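Structure first, commentary second.
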Amino acid sequence: MALWRGSAYAGFLALAVGCVFLLEPQLPGSALRSLWSSLQLGPAPAPPGAGSPEGRLAAAWDALIVRPARRWRRVAVGVNACVDVVLSGVKLLRALGLSPGNGKDHSELHSRNDLEEAFVHFMGKGAAAERFFSDKETFHDIAQIASEFPEAQHYVGGNAALIGQKFAANSDLKVLLCGPVGPKLHELLDDNVFVPPESLQEVDEFHLILEYQAGEEWDQLKAPHANRFIFSHDLSNGAMNMLEVFVSSLEEFQPDLVVLSGLHMMEGHSKEFQRKRLLEVVTSISDIPAGVPVHLELASMTNEELMSSIVHQQVFPAVTSLGLNEQELLFLSQSASGPHSSLSSWNGVPDVGVVSDILFWILKEHGKSESRASDLSRIHFHTLAYHILVTVDGHWANQLAAVAAGARVAGTQACATETIDTRRVSLKAPHEFMTSRLEAGSRVVLNPSEPVVEWHREGVSFHFTPVLVCKDPVRTVGLGDAISAEGLFYSEVHPHS
């Protein structure tokens, strides 16, 4: 009986001290540890999250992320902008009277049935996708129903506008945005974003963002990851109508960094239009003063010819930096006959060795070198579980901080928190991986206390870091744009590189 009472007494005190931890977290750690040890109950527990792999990783990032010596002052961003209408994909499709059948990918949507099949296809994989909806009337009917949905939310949309918005959060930066900006978008934009009058238009371009959560079910369908399916009937962005306005604005604005996006929006146009417009894009980029880096942000595409043209038709050599995710990376390799192009799709978390082989190939085949007239010297790759920043040696600095900053913002923005909340994120990156599958790569074992792993390959440097993935994301749209913007914000380009 005495033994039982002693155990109960100890248990009660342990519970009491546990309550002190929770209710008075601001008490000095030494006081709490002293109280605990005086009760002879063994070593004191760490505060929630601090000693976990997630806590160690977040603390290590904070120590690594420092601003570069030379910072951007003026950033010009163009040319796709719109209003995102964000809502539950399952609820909208139910409201449209649709039910889940067999999923099927469509490179272009022509009907409600196509929408249902494509949404089911990607929700089943937990993969992001973006498609053009060709029927104007049907799209506007769906858009009206979506906009009036009680839970529908309106946000800044379009890669350029989202990147501009992210840069504008830094008050010491001046940001120019060129894109089709209607009244609703103008109202949503940060006051720090300057929109030239030529970019303003009377009507907004709407994009519908159908989100789903990890584990969400629709009849027999179950999403393995949280993600979104995007579709629009957007002709202004599709024609890149603001390209010329963008380039003509640069002379007066005089940026020290240019960010270009929206090439994927041309998928709804003819091959001849795409070919002609890409040539105009290259000409426009060549008009930007030498020494001003140009970052190209890619997005979801299905047209192999368009992707191949972007790679081969002088677009890649004309830009300095590239941002893309795992879908775009594999599609790029398939379109341009790169390494691992026989892989039809990723199975779960993309293999680090395969990803690094493709990234290395892009810079070796299309990047800056003594024998090639190309400016491309940097690629920022992001997938849900990890990021890799790849650079041609001698052209960029502070990339360790840049890749860490991009990964940190993925965790904070998805969870809508100011800082990493270790209780709401989890580590999903592989605990160990090979740095190459084509060559004799190194085996890396992940250490959360040293979260950025660096390796080198023939004059190309790789910086890898895991992501602290939000368990219950508030919003997934625009994460890639925020990651690229944050990575660029912390990057430093060497003069005349």
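Letters for chains follow the order of the structure tokens (A, B, ...), residue numbers begin at 1 for each chain, and ligand numbers begin at 1 in the order shown.
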Next on the checklist: Among segment 133-263 of chain A, which ones does DSSP assign to strand (DSSP E) (computed from the backbone)? Answer as a count of residues only.
Outcome noted: 35
Next on the checklist: List the spatial neighbours of segment 341-353 of chain A as a PyMOL selection string - criterion: any atom at most 10 Å away, only C-alpha atoms, same-chain residues fewer than 3 positions off excluded.
Outcome noted: chain A and resi 125-127+224-225+326-327+330-338+356-359+383-388+428-430+432-439+441-443+464
Item to check | Minimum-distance residue to Glu492 of chain A, chosen among A:Val444, A:Val120, A:Ala373, A:Ala402 (using only C-alpha atoms) | outcome: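 So, comparing all the options, the nearest one is A:Ala402.
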Checklist entry - If we count only C-alpha atoms, what is near segment 189-199 of chain A at a cut-off of 8 Å, once residues fewer than 6 positions away on the same chain are taken out, given as number ranges by chain? => result A: 156, 164-165, 168-169, 171, 174-181, 242, 245, 249
Checklist outcome for this item: Using only C-alpha atoms, the best pick from A:Arg74, A:His233, A:His456, A:Lys364 as closest to Gln254 of chain A would be A:Arg74
Item to check | Exercise: Val477 of chain A partners within 9 Å, only C-alpha atoms, chain neighbours under 5 positions left out, as a list in words | outcome: Asp84, Val86, Gly157, Ile209, Glu211, Asn227, Arg228 and Ala414 of chain A
Checklist entry - Which polymer residues have any atom within 8 Å of an atom of Leu400 of chain A, counting only C-alpha atoms, with same-chain residues fewer than 5 positions away left out, as a PyMOL selection string? => result chain A and resi 64-65+452+463
Export of prior selection with all heavy atoms as a PDB file, in the first residue's frame:
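So result.pdb came out as:
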ATOM      1  N   LEU A  64      21.359  30.136 -39.608  1.00  0.00           N
ATOM      2  CA  LEU A  64      21.996  30.153 -40.934  1.00  0.00           C
ATOM      3  C   LEU A  64      21.508  31.290 -41.829  1.00  0.00           C
ATOM      4  O   LEU A  64      22.217  31.733 -42.726  1.00  0.00           O
ATOM      5  CB  LEU A  64      21.711  28.826 -41.656  1.00  0.00           C
ATOM      6  CG  LEU A  64      22.387  27.559 -41.130  1.00  0.00           C
ATOM      7  CD1 LEU A  64      21.837  26.345 -41.853  1.00  0.00           C
ATOM      8  CD2 LEU A  64      23.896  27.641 -41.309  1.00  0.00           C
ATOM      9  N   ILE A  65      20.277  31.737 -41.603  1.00  0.00           N
ATOM     10  CA  ILE A  65      19.657  32.684 -42.548  1.00  0.00           C
ATOM     11  C   ILE A  65      20.101  34.111 -42.235  1.00  0.00           C
ATOM     12  O   ILE A  65      19.649  34.733 -41.267  1.00  0.00           O
ATOM     13  CB  ILE A  65      18.121  32.553 -42.533  1.00  0.00           C
ATOM     14  CG1 ILE A  65      17.710  31.142 -42.982  1.00  0.00           C
ATOM     15  CG2 ILE A  65      17.479  33.604 -43.428  1.00  0.00           C
ATOM     16  CD1 ILE A  65      16.247  30.810 -42.778  1.00  0.00           C
ATOM     17  N   VAL A 452      21.378  22.128 -43.867  1.00  0.00           N
ATOM     18  CA  VAL A 452      21.736  22.392 -45.267  1.00  0.00           C
ATOM     19  C   VAL A 452      22.935  21.525 -45.645  1.00  0.00           C
ATOM     20  O   VAL A 452      23.997  21.612 -45.045  1.00  0.00           O
ATOM     21  CB  VAL A 452      22.045  23.882 -45.514  1.00  0.00           C
ATOM     22  CG1 VAL A 452      22.451  24.099 -46.976  1.00  0.00           C
ATOM     23  CG2 VAL A 452      20.827  24.749 -45.183  1.00  0.00           C
ATOM     24  N   HIS A 463      22.952  22.918 -52.928  1.00  0.00           N
ATOM     25  CA  HIS A 463      22.583  23.154 -51.531  1.00  0.00           C
ATOM     26  C   HIS A 463      21.201  22.539 -51.315  1.00  0.00           C
ATOM     27  O   HIS A 463      20.223  22.976 -51.927  1.00  0.00           O
ATOM     28  CB  HIS A 463      22.553  24.651 -51.211  1.00  0.00           C
ATOM     29  CG  HIS A 463      23.912  25.273 -51.151  1.00  0.00           C
ATOM     30  ND1 HIS A 463      24.536  25.792 -52.265  1.00  0.00           N
ATOM     31  CD2 HIS A 463      24.775  25.445 -50.119  1.00  0.00           C
ATOM     32  CE1 HIS A 463      25.725  26.268 -51.909  1.00  0.00           C
ATOM     33  NE2 HIS A 463      25.893  26.064 -50.610  1.00  0.00           N
TER      34      HIS A 463
END
Item to check | Atomic distance atom CA of Leu57 of chain A - atom CA of Pro451 of chain A, expressed in Å with one decimal | outcome: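 Between atom CA of Leu57 of chain A and atom CA of Pro451 of chain A the gap works out to 6.1 Å.
What separates atom CA of Leu92 of chain A from atom CA of Ile142 of chain A is a distance of 8.8 Å.
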Item to check | DSSP-assigned helix (DSSP H, G or I) members of segment 402-494 of chain A, reported as a ChimeraX atom specification | outcome: /A:402-415,479-489
Write out, as a PDB file, in the first residue's frame, the residues just selected, with C-alpha atoms.
ATOM      1  CA  ALA A 402      18.812  31.386 -49.559  1.00  0.00           C
ATOM      2  CA  VAL A 403      17.805  27.713 -49.691  1.00  0.00           C
ATOM      3  CA  ALA A 404      17.137  27.674 -45.930  1.00  0.00           C
ATOM      4  CA  ALA A 405      15.005  30.841 -46.185  1.00  0.00           C
ATOM      5  CA  GLY A 406      12.963  29.355 -49.050  1.00  0.00           C
ATOM      6  CA  ALA A 407      12.283  26.190 -47.035  1.00  0.00           C
ATOM      7  CA  ARG A 408      11.425  28.139 -43.884  1.00  0.00           C
ATOM      8  CA  VAL A 409       8.840  30.262 -45.689  1.00  0.00           C
ATOM      9  CA  ALA A 410       7.213  27.084 -47.077  1.00  0.00           C
ATOM     10  CA  GLY A 411       6.477  26.018 -43.488  1.00  0.00           C
ATOM     11  CA  THR A 412       5.348  29.405 -42.179  1.00  0.00           C
ATOM     12  CA  GLN A 413       3.180  30.397 -45.150  1.00  0.00           C
ATOM     13  CA  ALA A 414       1.414  27.022 -45.462  1.00  0.00           C
ATOM     14  CA  CYS A 415       0.560  27.126 -41.734  1.00  0.00           C
ATOM     15  CA  LEU A 479       3.884  28.542 -52.025  1.00  0.00           C
ATOM     16  CA  GLY A 480       6.265  28.016 -54.955  1.00  0.00           C
ATOM     17  CA  ASP A 481       6.208  31.745 -55.726  1.00  0.00           C
ATOM     18  CA  ALA A 482       6.883  32.646 -52.079  1.00  0.00           C
ATOM     19  CA  ILE A 483       9.739  30.109 -51.962  1.00  0.00           C
ATOM     20  CA  SER A 484      11.365  31.522 -55.109  1.00  0.00           C
ATOM     21  CA  ALA A 485      10.901  35.128 -53.954  1.00  0.00           C
ATOM     22  CA  GLU A 486      12.388  34.408 -50.523  1.00  0.00           C
ATOM     23  CA  GLY A 487      15.294  32.486 -52.081  1.00  0.00           C
ATOM     24  CA  LEU A 488      16.028  35.414 -54.401  1.00  0.00           C
ATOM     25  CA  PHE A 489      15.673  37.951 -51.571  1.00  0.00           C
TER      26      PHE A 489
END
Next on the checklist: Which residues are near Lys368 of chain A? Cut-off 12 Å, only C-alpha atoms, ignore same chain within fewer than 4 positions. Put them as a PyMOL selection string.
Outcome noted: chain A and resi 316-321+362-364+372-379+391-395+459-460+497
Next on the checklist: I'd like the neighbourhood of Arg71 of chain A as a list in words, where a residue qualifies if any of its atoms comes within 12 Å (using only C-alpha atoms), though same-chain residues fewer than 3 positions away should be ignored.
Outcome noted: Val66, Arg67, Pro68, Arg74, Val75, Asn170, Asp172, Leu173, Asp256, Leu257, Ala397, Asn398, Leu488, Phe489, Tyr490, Ser491, Glu492, Val493, His494 and Pro495 of chain A
For the selection you just gave me, I'd like the residues written to a file as an mmCIF file, in the first residue's frame, keeping C-alpha atoms.
data_model
loop_
_atom_site.group_PDB
_atom_site.id
_atom_site.type_symbol
_atom_site.label_atom_id
_atom_site.label_comp_id
_atom_site.auth_asym_id
_atom_site.auth_seq_id
_atom_site.Cartn_x
_atom_site.Cartn_y
_atom_site.Cartn_z
ATOM 1 C CA VAL A 66 21.529 35.971 -42.918
ATOM 2 C CA ARG A 67 21.026 38.810 -45.387
ATOM 3 C CA PRO A 68 23.613 39.039 -48.193
ATOM 4 C CA ARG A 74 14.482 47.626 -56.948
ATOM 5 C CA VAL A 75 12.740 44.500 -58.232
ATOM 6 C CA ASN A 170 10.184 44.012 -47.309
ATOM 7 C CA ASP A 172 13.321 48.538 -48.046
ATOM 8 C CA LEU A 173 12.504 47.143 -51.521
ATOM 9 C CA ASP A 256 18.578 45.518 -60.203
ATOM 10 C CA LEU A 257 16.560 42.264 -60.435
ATOM 11 C CA ALA A 397 26.757 34.007 -53.038
ATOM 12 C CA ASN A 398 24.735 33.364 -49.846
ATOM 13 C CA LEU A 488 16.028 35.414 -54.401
ATOM 14 C CA PHE A 489 15.673 37.951 -51.571
ATOM 15 C CA TYR A 490 18.510 36.215 -49.690
ATOM 16 C CA SER A 491 20.640 35.653 -52.805
ATOM 17 C CA GLU A 492 23.553 37.730 -53.970
ATOM 18 C CA VAL A 493 24.751 37.789 -57.556
ATOM 19 C CA HIS A 494 28.414 38.556 -58.190
ATOM 20 C CA PRO A 495 28.904 41.744 -60.253
#
